[in-house]
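To start, the structure under review is shown below, and the notes come after it.
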Amino acid sequence: MGQLASYFRQHKWQRRLLTTSLIILAAIGTAIFAYPVAIDRLIIHNLGSDDSGVRTNAIVRAIARATKNPATLRRIADSLDTRNEKRFRSVLTVLRYFLLRDPNRPPALERLAEALETDDESRFQAVAATLRDAARFDVPDRKGIHIDRMRAIDIVGSLDEKNPTRGAYARAVFTSEAVLCGRDNKYVRRALAAATSDPSSKVRRLAALLAARLDAREALGKLLDDDDPPVVATAAMGAGLAGRKSHLAALKRLLRFDLPGDAKGRIGVQSAAALAIALLDGQGSAEMLASMTTSTNDARLRDRLLHVLTLLDAPAAKAGVLAIFDEARKANTQPPTAALIAAGKLRIVQAGDDIRGVLSAALRRPDQIYDSQLLAAIQSADALKLPVRREIFDICRKYWDPRNELLLAAAARVLGRQAKLDQPLRHDAPSRRECIGALQMAAVWETPPATRPTATSPASFRTPLASSAAAIALWELGAKGAENFVRDAAGAWTTLPGDYVAWHLSRLDRAEAYKLGLRLLPPLGAPPEQRVYNKNERATGAMLLALSAGANQSVEARRRVRSRLEGGDMGGEKDFYLAGAYRCALLMLGDAGQDRMIFELLEVGAFPQRRAVTALCAAGDKRALDWILWNPGIDEKDIIELLTGRGIGEVLETLAPQLPRVDTAAEDDLAQWQVRILRNYYAIHRSKISPGLQR
């Protein structure tokens with residue numbers, strides 16, 4: 001090295017030649033690396049040109065270069081914070097091009113997400129629109145305040161002053177999202193301000209719920225004074241459900257609300273105001289509401305007010321319910337269904353004779369008793385533990401028919417509990433043994449006809465749901481052979497009985513239910529005497545394991561269910577319904593990866609909805625509640641069918657106990673009103689509701 005240095009000191013021209021060569025090489029290298037950057041800078045500069053032709057050419061060149069060189073795309077994305085508005089729009093055009101082809105391009109997504117932080121409303125809207133075009137705006141990791149800001153822009157922007165009805169559906173959707181999001185910030189309140197003055201009644205009804213959730217007193221007060229009765233009713237109900245006591249005086253004035261020619265509107269406002277007053281004022285309002293209940297001549301309003309009285313544990317409320325029974329007795333008619341329900345909820349023992357009278361009348365004059373009255377009487381007799389074994393026994397025998405399954409399911413369970421009651425019995429009451437015999441007959445879900453006309457196919461007598469209830473009653477009584485009846489009910493041709501069996505057995509005795517689940521779902525390769533060939537029985541076994549497994553049994557249960565889902569040498573489970581049941585069980589047992597599939601099954605409609613809802617709610621997934629309670633494709637009658645007809649109501653009563661109930665015996669108007677209460681409560685308190693299965 002020293003000799004080389006000495007050589008260059010002695011030969012100056014070689015030294016100069018070497019130095020010049022190194023400078024030239026460095027310049028060439030610098031040019032090679034700097035040239036692309038210079039070209040990119042020139043393109044970026046042209047993206048902000050005042051000449052539209054130059055900008056268009058720059059956009060084309062930018063896309064061409066960025067397609068080949070990711071560094072170019074990064075440089076273009078970094079120029080998004082320019083003050084030049086034309087350049088900003090041109091850069092967005094380039095980024096939109098790449099996002100539409102690959103929505104997960106990191107440079108584009110990162111810079112667009114940062115650009116959402118701008119105070120400029122126009123730029124924010126443009127960036128959000130770009131992300132929306134690529135379906136990358138409404139994503140789980142998007143900041144809530146950005147979503148709220150865009151929603152407020154959408155609500156204001158979709159209003160056409162020349163044609164106010166245009167865009168009303170979209171504004172209702174946006175306002176609905178604002179209600180459910182659970183957040184409170186300046187953008188949510190901006191959306192509220194726009195929705196409160198919206199020309200659409202539907203949007204204002206949603207605004208009433210939003211105002212109640214946010215405790216926006218001025219907006220809620222304005223909606224309580226709206227010209228449209230449904231808006232006023234929703235605002236009144238929202239105030240009560242959200243606990244807004246500052247509006248109590250206005251709510252009391254609404255008890256006198258009247259609109260000539262609009263009885264429906266009057267009833268809606270008065271009943272909503274009464275509900276709110278009961279929730280806000282408690283026992284202090286009991287006497288006033290009881291008086292209103294007994295003085296009204298409108299049956300629909302009376303029934304709703306009777307439901308309101310059940311929320312008040314006060315002597316005046318019970319006296320109001322008893323007054324309705326007295327009126328019915330004086331008129332020589334049966335008490336209304338809502339009064340029978342209220343008597344059971346408030347544990348009004350003085351109504352015992354009237355309830356027993358309804359049961360007796362159903363046996364003597366069945367054409368004079370509505371099914372809803374009979375069901376309410378059965379439920380209230382059970383709640384009051386009245387000694388009505390004779391009546392329930394005869395009802396099970398007289399009414400046993402496929403058309404009365406909900407009623408008979410309740411009657412069968414009550415007969416089982418009546419057989420266990422330790423209290424004096426009437427001389428004609430059937431013995432425990434006779435009750436078990438009747439339940440054993442009822443637990444056979446399919447009975448072929450003894451005879452039939454020639455050349456006709458047999459029409460079986462099927463009561464799968466009611467028979468599963470009878471089987472559960474036998475299990476609860478510890479009757480001999482109860483497991484055989486339970487297994488027979490679980491193996492019925494439809495899935496609802498199996499889900500009913502799994503749910504109720506797991507509520508009665510988890511340890512025994514878990515053992516039964518292991519027997520109904522034996523391991524792969526089990527000996528022939530242990531095998532279960534009925535797929536609905538195996539599905540019930542999986543649900544039993546999931547619902548009854550304790551903390552120390554979950555691993556074993558999950559292993560058993562997964563082995564049946566994945567199968568052995570012959571492959572995994574092929575049956576759509578059975579594989580879905582296994583996935584539901586795995587989700588409840590802690591396999592969170594099943595949630596997407598289960599929610600898709602819920603939306604399919606062909607899959608048992610009770611099973612999917614049970615699994616999702618047990619796992620704490622609120623999407624099931626959203627699907628039932630805040631789904632534009634499901635109306636109030638559909639919700640009633642889901643909650644009562646398919647038994648999802650009893651599932652929610654345990655897995656989401658904060659939610660108000662819908663009475664299975666309620667008549668149509670009252671049931672739909674209770675659904676309205678349920679939906680509005682859920683909308684206001686969604687962020688605080690945490691469904692889940694306690695093990």
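The chains in the structure tokens are called A, B, ... from first to last as shown; in each chain the residues are counted from 1, and the ligands are counted from 1 in the order shown.
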
Determine which residues of segment 244-486 of chain A receive a DSSP assignment of alpha helix (DSSP H), computed from the backbone, and state them as a ChimeraX atom specification. /A:248-254,263-281,286-295,299-309,315-330,337-345,352-364,371-384,389-398,405-418,432-442,464-477,482-486

Considering only C-alpha atoms, return as a VMD selection string whatever protein or nucleic-acid residues lie within 12 Å of Leu116 of chain A, sequence-local ones (same chain, fewer than 3 positions apart) excluded. chain A and resid 80 to 81 109 to 113 119 to 131 137 142 to 147 149 to 150

Skip Arg538 of chain A itself and residues of its chain fewer than 4 positions away, then list as a list in words all residues within 7 Å of it, counting only C-alpha atoms.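 That gives Leu520, Leu521, Val532, Asn534 and Ala542 of chain A.
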
Residues of the last selection are to be written out with N, CA and C atoms, as a PDB file, in the first residue's frame.
```pdb
ATOM      1  N   LEU A 520     -74.480 -39.073  23.441  1.00  0.00           N
ATOM      2  CA  LEU A 520     -75.113 -38.763  22.153  1.00  0.00           C
ATOM      3  C   LEU A 520     -74.079 -38.496  21.058  1.00  0.00           C
ATOM      4  N   LEU A 521     -72.889 -38.119  21.449  1.00  0.00           N
ATOM      5  CA  LEU A 521     -71.818 -37.868  20.479  1.00  0.00           C
ATOM      6  C   LEU A 521     -70.608 -38.717  20.864  1.00  0.00           C
ATOM      7  N   VAL A 532     -74.167 -43.768  17.555  1.00  0.00           N
ATOM      8  CA  VAL A 532     -75.435 -43.058  17.375  1.00  0.00           C
ATOM      9  C   VAL A 532     -75.570 -42.771  15.888  1.00  0.00           C
ATOM     10  N   ASN A 534     -78.434 -41.481  14.315  1.00  0.00           N
ATOM     11  CA  ASN A 534     -79.316 -40.361  13.975  1.00  0.00           C
ATOM     12  C   ASN A 534     -78.515 -39.057  14.023  1.00  0.00           C
ATOM     13  N   ALA A 542     -73.549 -32.584  20.448  1.00  0.00           N
ATOM     14  CA  ALA A 542     -72.522 -31.541  20.326  1.00  0.00           C
ATOM     15  C   ALA A 542     -72.958 -30.271  21.053  1.00  0.00           C
TER      16      ALA A 542
END
```

Segment 560-566 of chain A surroundings by only C-alpha atoms, 12 Å radius, close-in-sequence under 6 positions cut, as a short mmCIF file (atom, residue, chain, number, x, y, z; two decimals) with all heavy atoms, in the first residue's frame:
```
data_model
loop_
_atom_site.label_atom_id
_atom_site.label_comp_id
_atom_site.auth_asym_id
_atom_site.auth_seq_id
_atom_site.Cartn_x
_atom_site.Cartn_y
_atom_site.Cartn_z
N GLY A 517 -74.43 -35.70 26.75
CA GLY A 517 -73.81 -35.21 25.53
C GLY A 517 -72.72 -36.15 25.04
O GLY A 517 -72.60 -36.41 23.84
N LEU A 518 -71.92 -36.69 25.94
CA LEU A 518 -70.88 -37.65 25.56
C LEU A 518 -71.49 -38.92 24.98
O LEU A 518 -70.92 -39.52 24.05
CB LEU A 518 -70.00 -37.99 26.77
CG LEU A 518 -69.11 -36.86 27.31
CD1 LEU A 518 -68.42 -37.31 28.59
CD2 LEU A 518 -68.09 -36.44 26.27
N ARG A 519 -72.65 -39.32 25.51
CA ARG A 519 -73.28 -40.53 24.98
C ARG A 519 -73.93 -40.28 23.61
O ARG A 519 -73.93 -41.16 22.75
CB ARG A 519 -74.33 -41.04 25.98
CG ARG A 519 -73.74 -41.57 27.27
CD ARG A 519 -74.75 -42.36 28.08
NE ARG A 519 -75.83 -41.55 28.61
CZ ARG A 519 -75.78 -40.90 29.77
NH1 ARG A 519 -74.68 -40.95 30.51
NH2 ARG A 519 -76.81 -40.20 30.21
N LEU A 520 -74.48 -39.07 23.44
CA LEU A 520 -75.11 -38.76 22.15
C LEU A 520 -74.08 -38.50 21.06
O LEU A 520 -74.39 -38.63 19.87
CB LEU A 520 -76.02 -37.54 22.30
CG LEU A 520 -77.30 -37.73 23.12
CD1 LEU A 520 -78.06 -36.41 23.20
CD2 LEU A 520 -78.18 -38.79 22.50
N LEU A 521 -72.89 -38.12 21.45
CA LEU A 521 -71.82 -37.87 20.48
C LEU A 521 -70.61 -38.72 20.86
O LEU A 521 -69.61 -38.22 21.40
CB LEU A 521 -71.44 -36.38 20.46
CG LEU A 521 -70.50 -35.97 19.33
CD1 LEU A 521 -71.21 -36.06 17.97
CD2 LEU A 521 -69.99 -34.54 19.54
N PRO A 522 -70.68 -40.02 20.59
CA PRO A 522 -69.57 -40.90 20.96
C PRO A 522 -68.33 -40.61 20.12
O PRO A 522 -68.43 -39.98 19.06
CB PRO A 522 -70.12 -42.30 20.66
CG PRO A 522 -71.15 -42.08 19.61
CD PRO A 522 -71.75 -40.73 19.89
N PRO A 523 -67.16 -41.05 20.56
CA PRO A 523 -65.94 -40.78 19.78
C PRO A 523 -65.92 -41.58 18.49
O PRO A 523 -66.64 -42.58 18.34
CB PRO A 523 -64.82 -41.22 20.73
CG PRO A 523 -65.47 -42.22 21.63
CD PRO A 523 -66.88 -41.78 21.80
N LEU A 524 -65.11 -41.12 17.56
CA LEU A 524 -64.92 -41.89 16.33
C LEU A 524 -64.36 -43.26 16.68
O LEU A 524 -63.50 -43.39 17.56
CB LEU A 524 -63.94 -41.17 15.39
CG LEU A 524 -64.48 -39.95 14.64
CD1 LEU A 524 -63.33 -39.25 13.91
CD2 LEU A 524 -65.55 -40.36 13.65
N GLY A 525 -64.83 -44.28 16.00
CA GLY A 525 -64.34 -45.62 16.26
C GLY A 525 -64.94 -46.27 17.49
O GLY A 525 -64.40 -47.28 17.98
N ALA A 526 -66.03 -45.70 18.01
CA ALA A 526 -66.68 -46.30 19.18
C ALA A 526 -67.25 -47.66 18.82
O ALA A 526 -67.61 -47.90 17.66
CB ALA A 526 -67.80 -45.38 19.68
N LYS A 535 -78.47 -38.32 12.91
CA LYS A 535 -77.63 -37.12 12.84
C LYS A 535 -78.13 -36.02 13.76
O LYS A 535 -77.34 -35.25 14.32
CB LYS A 535 -77.53 -36.62 11.40
CG LYS A 535 -78.85 -36.15 10.80
CD LYS A 535 -78.66 -35.70 9.36
CE LYS A 535 -79.98 -35.19 8.78
NZ LYS A 535 -79.81 -34.77 7.36
N ARG A 538 -76.82 -36.65 17.20
CA ARG A 538 -75.41 -36.28 17.32
C ARG A 538 -75.26 -34.76 17.40
O ARG A 538 -74.42 -34.25 18.14
CB ARG A 538 -74.60 -36.85 16.15
CG ARG A 538 -74.59 -38.36 16.10
CD ARG A 538 -73.44 -38.91 15.28
NE ARG A 538 -73.44 -38.48 13.90
CZ ARG A 538 -74.14 -39.04 12.92
NH1 ARG A 538 -74.93 -40.07 13.19
NH2 ARG A 538 -74.07 -38.60 11.68
N ALA A 539 -76.07 -34.04 16.62
CA ALA A 539 -76.03 -32.58 16.69
C ALA A 539 -76.44 -32.10 18.09
O ALA A 539 -75.82 -31.18 18.65
CB ALA A 539 -76.96 -31.97 15.65
N THR A 540 -77.46 -32.73 18.67
CA THR A 540 -77.88 -32.38 20.03
C THR A 540 -76.77 -32.68 21.02
O THR A 540 -76.53 -31.90 21.95
CB THR A 540 -79.15 -33.16 20.41
OG1 THR A 540 -80.19 -32.87 19.47
CG2 THR A 540 -79.62 -32.79 21.80
N GLY A 541 -76.07 -33.80 20.80
CA GLY A 541 -74.94 -34.13 21.68
C GLY A 541 -73.87 -33.08 21.65
O GLY A 541 -73.32 -32.68 22.69
N ALA A 542 -73.55 -32.58 20.45
CA ALA A 542 -72.52 -31.54 20.33
C ALA A 542 -72.96 -30.27 21.05
O ALA A 542 -72.16 -29.64 21.77
CB ALA A 542 -72.25 -31.25 18.85
N MET A 543 -74.22 -29.87 20.87
CA MET A 543 -74.71 -28.67 21.54
C MET A 543 -74.76 -28.86 23.06
O MET A 543 -74.48 -27.93 23.82
CB MET A 543 -76.09 -28.29 21.00
CG MET A 543 -76.11 -27.90 19.53
SD MET A 543 -75.12 -26.44 19.17
CE MET A 543 -76.14 -25.15 19.87
N LEU A 544 -75.12 -30.07 23.51
CA LEU A 544 -75.12 -30.35 24.94
C LEU A 544 -73.72 -30.20 25.53
O LEU A 544 -73.54 -29.60 26.60
CB LEU A 544 -75.63 -31.77 25.20
CG LEU A 544 -77.12 -31.95 25.46
CD1 LEU A 544 -77.49 -33.42 25.48
CD2 LEU A 544 -77.51 -31.30 26.79
N LEU A 545 -72.73 -30.74 24.85
CA LEU A 545 -71.35 -30.63 25.34
C LEU A 545 -70.93 -29.17 25.42
O LEU A 545 -70.30 -28.75 26.39
CB LEU A 545 -70.40 -31.40 24.41
CG LEU A 545 -70.53 -32.92 24.41
CD1 LEU A 545 -69.58 -33.54 23.39
CD2 LEU A 545 -70.22 -33.49 25.80
N ALA A 546 -71.28 -28.40 24.40
CA ALA A 546 -70.87 -27.00 24.37
C ALA A 546 -71.56 -26.18 25.46
O ALA A 546 -70.95 -25.29 26.06
CB ALA A 546 -71.17 -26.40 23.00
N ALA A 549 -70.45 -27.96 29.30
CA ALA A 549 -69.06 -28.22 29.69
C ALA A 549 -68.59 -27.18 30.69
O ALA A 549 -68.76 -25.97 30.49
CB ALA A 549 -68.15 -28.22 28.46
N GLN A 553 -63.79 -29.15 31.52
CA GLN A 553 -64.26 -30.13 30.53
C GLN A 553 -64.21 -29.59 29.10
O GLN A 553 -64.42 -30.35 28.16
CB GLN A 553 -65.71 -30.51 30.86
CG GLN A 553 -65.87 -31.19 32.22
CD GLN A 553 -67.32 -31.26 32.66
OE1 GLN A 553 -68.07 -30.31 32.47
NE2 GLN A 553 -67.71 -32.39 33.24
N SER A 554 -63.92 -28.31 28.95
CA SER A 554 -63.98 -27.70 27.62
C SER A 554 -62.99 -28.32 26.65
O SER A 554 -63.30 -28.51 25.47
CB SER A 554 -63.71 -26.19 27.74
OG SER A 554 -64.72 -25.56 28.47
N GLY A 572 -64.00 -35.71 6.47
CA GLY A 572 -64.78 -34.95 7.44
C GLY A 572 -66.28 -35.12 7.26
O GLY A 572 -66.75 -35.78 6.33
N GLU A 573 -67.03 -34.50 8.18
CA GLU A 573 -68.50 -34.58 8.14
C GLU A 573 -69.03 -33.90 6.89
O GLU A 573 -68.69 -32.76 6.58
CB GLU A 573 -69.08 -33.90 9.39
CG GLU A 573 -70.59 -33.92 9.46
CD GLU A 573 -71.15 -35.33 9.38
OE1 GLU A 573 -70.77 -36.15 10.24
OE2 GLU A 573 -71.96 -35.58 8.46
N LYS A 574 -69.87 -34.61 6.15
CA LYS A 574 -70.38 -34.10 4.87
C LYS A 574 -71.74 -33.41 5.01
O LYS A 574 -72.11 -32.58 4.20
CB LYS A 574 -70.53 -35.25 3.85
CG LYS A 574 -69.24 -36.05 3.60
CD LYS A 574 -68.25 -35.26 2.78
CE LYS A 574 -67.09 -36.14 2.30
NZ LYS A 574 -66.35 -36.78 3.40
N ASP A 575 -72.51 -33.79 6.02
CA ASP A 575 -73.86 -33.26 6.17
C ASP A 575 -73.81 -31.78 6.55
O ASP A 575 -73.14 -31.39 7.52
CB ASP A 575 -74.63 -34.05 7.23
CG ASP A 575 -76.08 -33.61 7.32
OD1 ASP A 575 -76.90 -34.15 6.58
OD2 ASP A 575 -76.37 -32.71 8.14
N PHE A 576 -74.52 -30.94 5.80
CA PHE A 576 -74.50 -29.49 5.99
C PHE A 576 -74.95 -29.11 7.40
O PHE A 576 -74.30 -28.31 8.10
CB PHE A 576 -75.40 -28.83 4.94
CG PHE A 576 -75.70 -27.38 5.18
CD1 PHE A 576 -74.74 -26.42 4.92
CD2 PHE A 576 -76.94 -26.98 5.66
CE1 PHE A 576 -75.01 -25.07 5.13
CE2 PHE A 576 -77.21 -25.63 5.87
CZ PHE A 576 -76.24 -24.68 5.61
N TYR A 577 -76.07 -29.65 7.86
CA TYR A 577 -76.63 -29.28 9.15
C TYR A 577 -75.78 -29.81 10.31
O TYR A 577 -75.57 -29.11 11.30
CB TYR A 577 -78.06 -29.79 9.26
CG TYR A 577 -78.99 -29.20 8.24
CD1 TYR A 577 -79.31 -29.88 7.07
CD2 TYR A 577 -79.53 -27.93 8.42
CE1 TYR A 577 -80.15 -29.32 6.12
CE2 TYR A 577 -80.37 -27.35 7.48
CZ TYR A 577 -80.67 -28.06 6.32
OH TYR A 577 -81.48 -27.50 5.38
N LEU A 578 -75.30 -31.02 10.18
CA LEU A 578 -74.51 -31.61 11.26
C LEU A 578 -73.15 -30.93 11.37
O LEU A 578 -72.69 -30.63 12.48
CB LEU A 578 -74.35 -33.11 11.02
CG LEU A 578 -73.72 -33.91 12.15
CD1 LEU A 578 -74.44 -33.66 13.46
CD2 LEU A 578 -73.75 -35.41 11.81
N ALA A 579 -72.52 -30.67 10.24
CA ALA A 579 -71.23 -29.95 10.28
C ALA A 579 -71.42 -28.56 10.87
O ALA A 579 -70.58 -28.08 11.65
CB ALA A 579 -70.64 -29.86 8.87
N GLY A 580 -72.53 -27.91 10.53
CA GLY A 580 -72.81 -26.59 11.11
C GLY A 580 -73.00 -26.67 12.62
O GLY A 580 -72.56 -25.79 13.36
N ALA A 581 -73.68 -27.72 13.10
CA ALA A 581 -73.87 -27.90 14.54
C ALA A 581 -72.52 -28.08 15.24
O ALA A 581 -72.28 -27.53 16.32
CB ALA A 581 -74.77 -29.10 14.81
N TYR A 582 -71.63 -28.86 14.62
CA TYR A 582 -70.29 -29.05 15.20
C TYR A 582 -69.55 -27.71 15.27
O TYR A 582 -68.86 -27.42 16.26
CB TYR A 582 -69.49 -30.04 14.36
CG TYR A 582 -70.00 -31.47 14.42
CD1 TYR A 582 -69.70 -32.38 13.41
CD2 TYR A 582 -70.77 -31.92 15.49
CE1 TYR A 582 -70.14 -33.69 13.44
CE2 TYR A 582 -71.22 -33.23 15.54
CZ TYR A 582 -70.91 -34.11 14.51
OH TYR A 582 -71.36 -35.41 14.55
N ARG A 583 -69.67 -26.91 14.23
CA ARG A 583 -68.99 -25.61 14.23
C ARG A 583 -69.57 -24.69 15.30
O ARG A 583 -68.84 -23.95 15.96
CB ARG A 583 -69.08 -24.97 12.85
CG ARG A 583 -68.30 -25.71 11.77
CD ARG A 583 -68.31 -24.96 10.45
NE ARG A 583 -67.63 -25.72 9.41
CZ ARG A 583 -66.32 -25.77 9.25
NH1 ARG A 583 -65.53 -25.09 10.08
NH2 ARG A 583 -65.78 -26.48 8.29
N CYS A 584 -70.89 -24.73 15.47
CA CYS A 584 -71.52 -23.94 16.54
C CYS A 584 -70.98 -24.36 17.90
O CYS A 584 -70.67 -23.51 18.76
CB CYS A 584 -73.04 -24.10 16.49
SG CYS A 584 -73.84 -23.26 15.10
N ALA A 585 -70.89 -25.65 18.11
CA ALA A 585 -70.38 -26.16 19.39
C ALA A 585 -68.94 -25.73 19.61
O ALA A 585 -68.55 -25.32 20.71
CB ALA A 585 -70.50 -27.68 19.42
N LEU A 586 -68.12 -25.81 18.57
CA LEU A 586 -66.71 -25.41 18.70
C LEU A 586 -66.59 -23.93 19.03
O LEU A 586 -65.73 -23.54 19.84
CB LEU A 586 -65.96 -25.73 17.41
CG LEU A 586 -65.68 -27.21 17.14
CD1 LEU A 586 -65.10 -27.40 15.74
CD2 LEU A 586 -64.73 -27.78 18.19
N LEU A 587 -67.43 -23.11 18.42
CA LEU A 587 -67.39 -21.68 18.72
C LEU A 587 -67.71 -21.44 20.19
O LEU A 587 -67.04 -20.65 20.87
CB LEU A 587 -68.38 -20.93 17.82
CG LEU A 587 -68.47 -19.41 18.04
CD1 LEU A 587 -67.13 -18.74 17.78
CD2 LEU A 587 -69.55 -18.81 17.15
N MET A 588 -68.71 -22.10 20.72
CA MET A 588 -69.07 -21.94 22.13
C MET A 588 -67.99 -22.48 23.06
O MET A 588 -67.86 -22.03 24.19
CB MET A 588 -70.40 -22.65 22.41
CG MET A 588 -71.60 -21.93 21.84
SD MET A 588 -73.16 -22.62 22.40
CE MET A 588 -73.29 -24.05 21.35
N LEU A 589 -67.20 -23.42 22.56
CA LEU A 589 -66.14 -24.02 23.37
C LEU A 589 -64.81 -23.28 23.23
O LEU A 589 -63.79 -23.76 23.71
CB LEU A 589 -65.96 -25.49 22.99
CG LEU A 589 -67.11 -26.41 23.41
CD1 LEU A 589 -67.02 -27.76 22.72
CD2 LEU A 589 -67.12 -26.59 24.93
N GLY A 590 -64.83 -22.13 22.56
CA GLY A 590 -63.64 -21.30 22.54
C GLY A 590 -62.89 -21.24 21.23
O GLY A 590 -61.84 -20.58 21.15
N ASP A 591 -63.38 -21.90 20.18
CA ASP A 591 -62.70 -21.84 18.89
C ASP A 591 -63.22 -20.61 18.14
O ASP A 591 -64.17 -20.67 17.36
CB ASP A 591 -62.98 -23.12 18.09
CG ASP A 591 -62.21 -23.16 16.77
OD1 ASP A 591 -61.56 -22.15 16.44
OD2 ASP A 591 -62.26 -24.19 16.07
N GLN A 594 -64.33 -19.99 14.24
CA GLN A 594 -65.57 -20.46 13.61
C GLN A 594 -66.59 -19.34 13.44
O GLN A 594 -67.63 -19.54 12.81
CB GLN A 594 -66.20 -21.57 14.47
CG GLN A 594 -65.31 -22.78 14.71
CD GLN A 594 -65.06 -23.58 13.45
OE1 GLN A 594 -65.81 -23.49 12.48
NE2 GLN A 594 -64.00 -24.38 13.44
#
```

From the DSSP assignment of the backbone, select every residue of segment 299-462 of chain A that is strand (DSSP E or B), and format the answer as JSON, numbers by chain. {"A": [446, 447, 461, 462]}

Prev. selection, all heavy atoms, output as a compact mmCIF listing (two decimals), in the first residue's frame:
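The resulting part00.txt:
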```txt
# COMPACT_ATOMS: atom_id res chain seq x y z
N GLU A 446 -94.19 -38.59 17.22
CA GLU A 446 -94.86 -38.98 15.98
C GLU A 446 -95.76 -40.17 16.24
O GLU A 446 -95.30 -41.22 16.70
CB GLU A 446 -93.85 -39.30 14.89
CG GLU A 446 -94.51 -39.62 13.54
CD GLU A 446 -93.49 -39.78 12.43
OE1 GLU A 446 -92.36 -40.19 12.71
OE2 GLU A 446 -93.85 -39.49 11.27
N THR A 447 -97.04 -40.00 15.94
CA THR A 447 -98.01 -41.07 16.13
C THR A 447 -98.71 -41.35 14.81
O THR A 447 -99.44 -40.49 14.29
CB THR A 447 -99.06 -40.67 17.18
OG1 THR A 447 -98.40 -40.28 18.39
CG2 THR A 447 -100.00 -41.83 17.47
N PHE A 461 -99.20 -37.91 13.05
CA PHE A 461 -99.54 -36.89 14.03
C PHE A 461 -98.22 -36.49 14.69
O PHE A 461 -97.66 -37.24 15.48
CB PHE A 461 -100.51 -37.50 15.04
CG PHE A 461 -101.13 -36.52 15.98
CD1 PHE A 461 -102.22 -35.77 15.59
CD2 PHE A 461 -100.64 -36.36 17.27
CE1 PHE A 461 -102.82 -34.88 16.47
CE2 PHE A 461 -101.22 -35.47 18.14
CZ PHE A 461 -102.31 -34.73 17.74
N ARG A 462 -97.69 -35.30 14.33
CA ARG A 462 -96.35 -34.91 14.78
C ARG A 462 -96.39 -33.70 15.70
O ARG A 462 -96.96 -32.67 15.35
CB ARG A 462 -95.46 -34.59 13.58
CG ARG A 462 -95.13 -35.80 12.72
CD ARG A 462 -94.30 -35.37 11.52
NE ARG A 462 -93.77 -36.50 10.78
CZ ARG A 462 -93.02 -36.41 9.69
NH1 ARG A 462 -92.73 -35.21 9.20
NH2 ARG A 462 -92.57 -37.48 9.09
```

Measuring atom to atom with only C-alpha atoms, identify which of A:Ile44, A:Ile395, A:Ala383, A:Ala152 is nearest to Ala361 of chain A.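 That would be A:Ile395, the residue with the smallest distance to Ala361 of chain A.
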
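By only C-alpha atoms, and with residues fewer than 3 positions from Ala443 of chain A along its chain excluded, the set lying at most 10 Å from it is Ala412, Gly437, Ala438, Leu439, Gln440, Glu446, Thr463, Pro464, Leu465, Ala466, Ser467, Ser468, Ala469, Ala470, Ala471, Ile472, Ala473, Leu474, Ala482, Asn484, Phe485, Val486, Asp488 and Ala489 of chain A.
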
Using only C-alpha atoms, which protein or nucleic acid residues come within 8 Å of segment 656-665 of chain A? Drop anything in the same chain fewer than 6 positions from it, and give the result as a ChimeraX atom specification. /A:337,341,372-373,375-376,617,640,643-644,649,671,674-675,677-678,681-682,689-692

Between atom CA of Gly550 of chain A and atom CA of Gly491 of chain A, what is the distance, to one decimal in Å?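 Atom CA of Gly491 of chain A lies 25.1 Å from atom CA of Gly550 of chain A.
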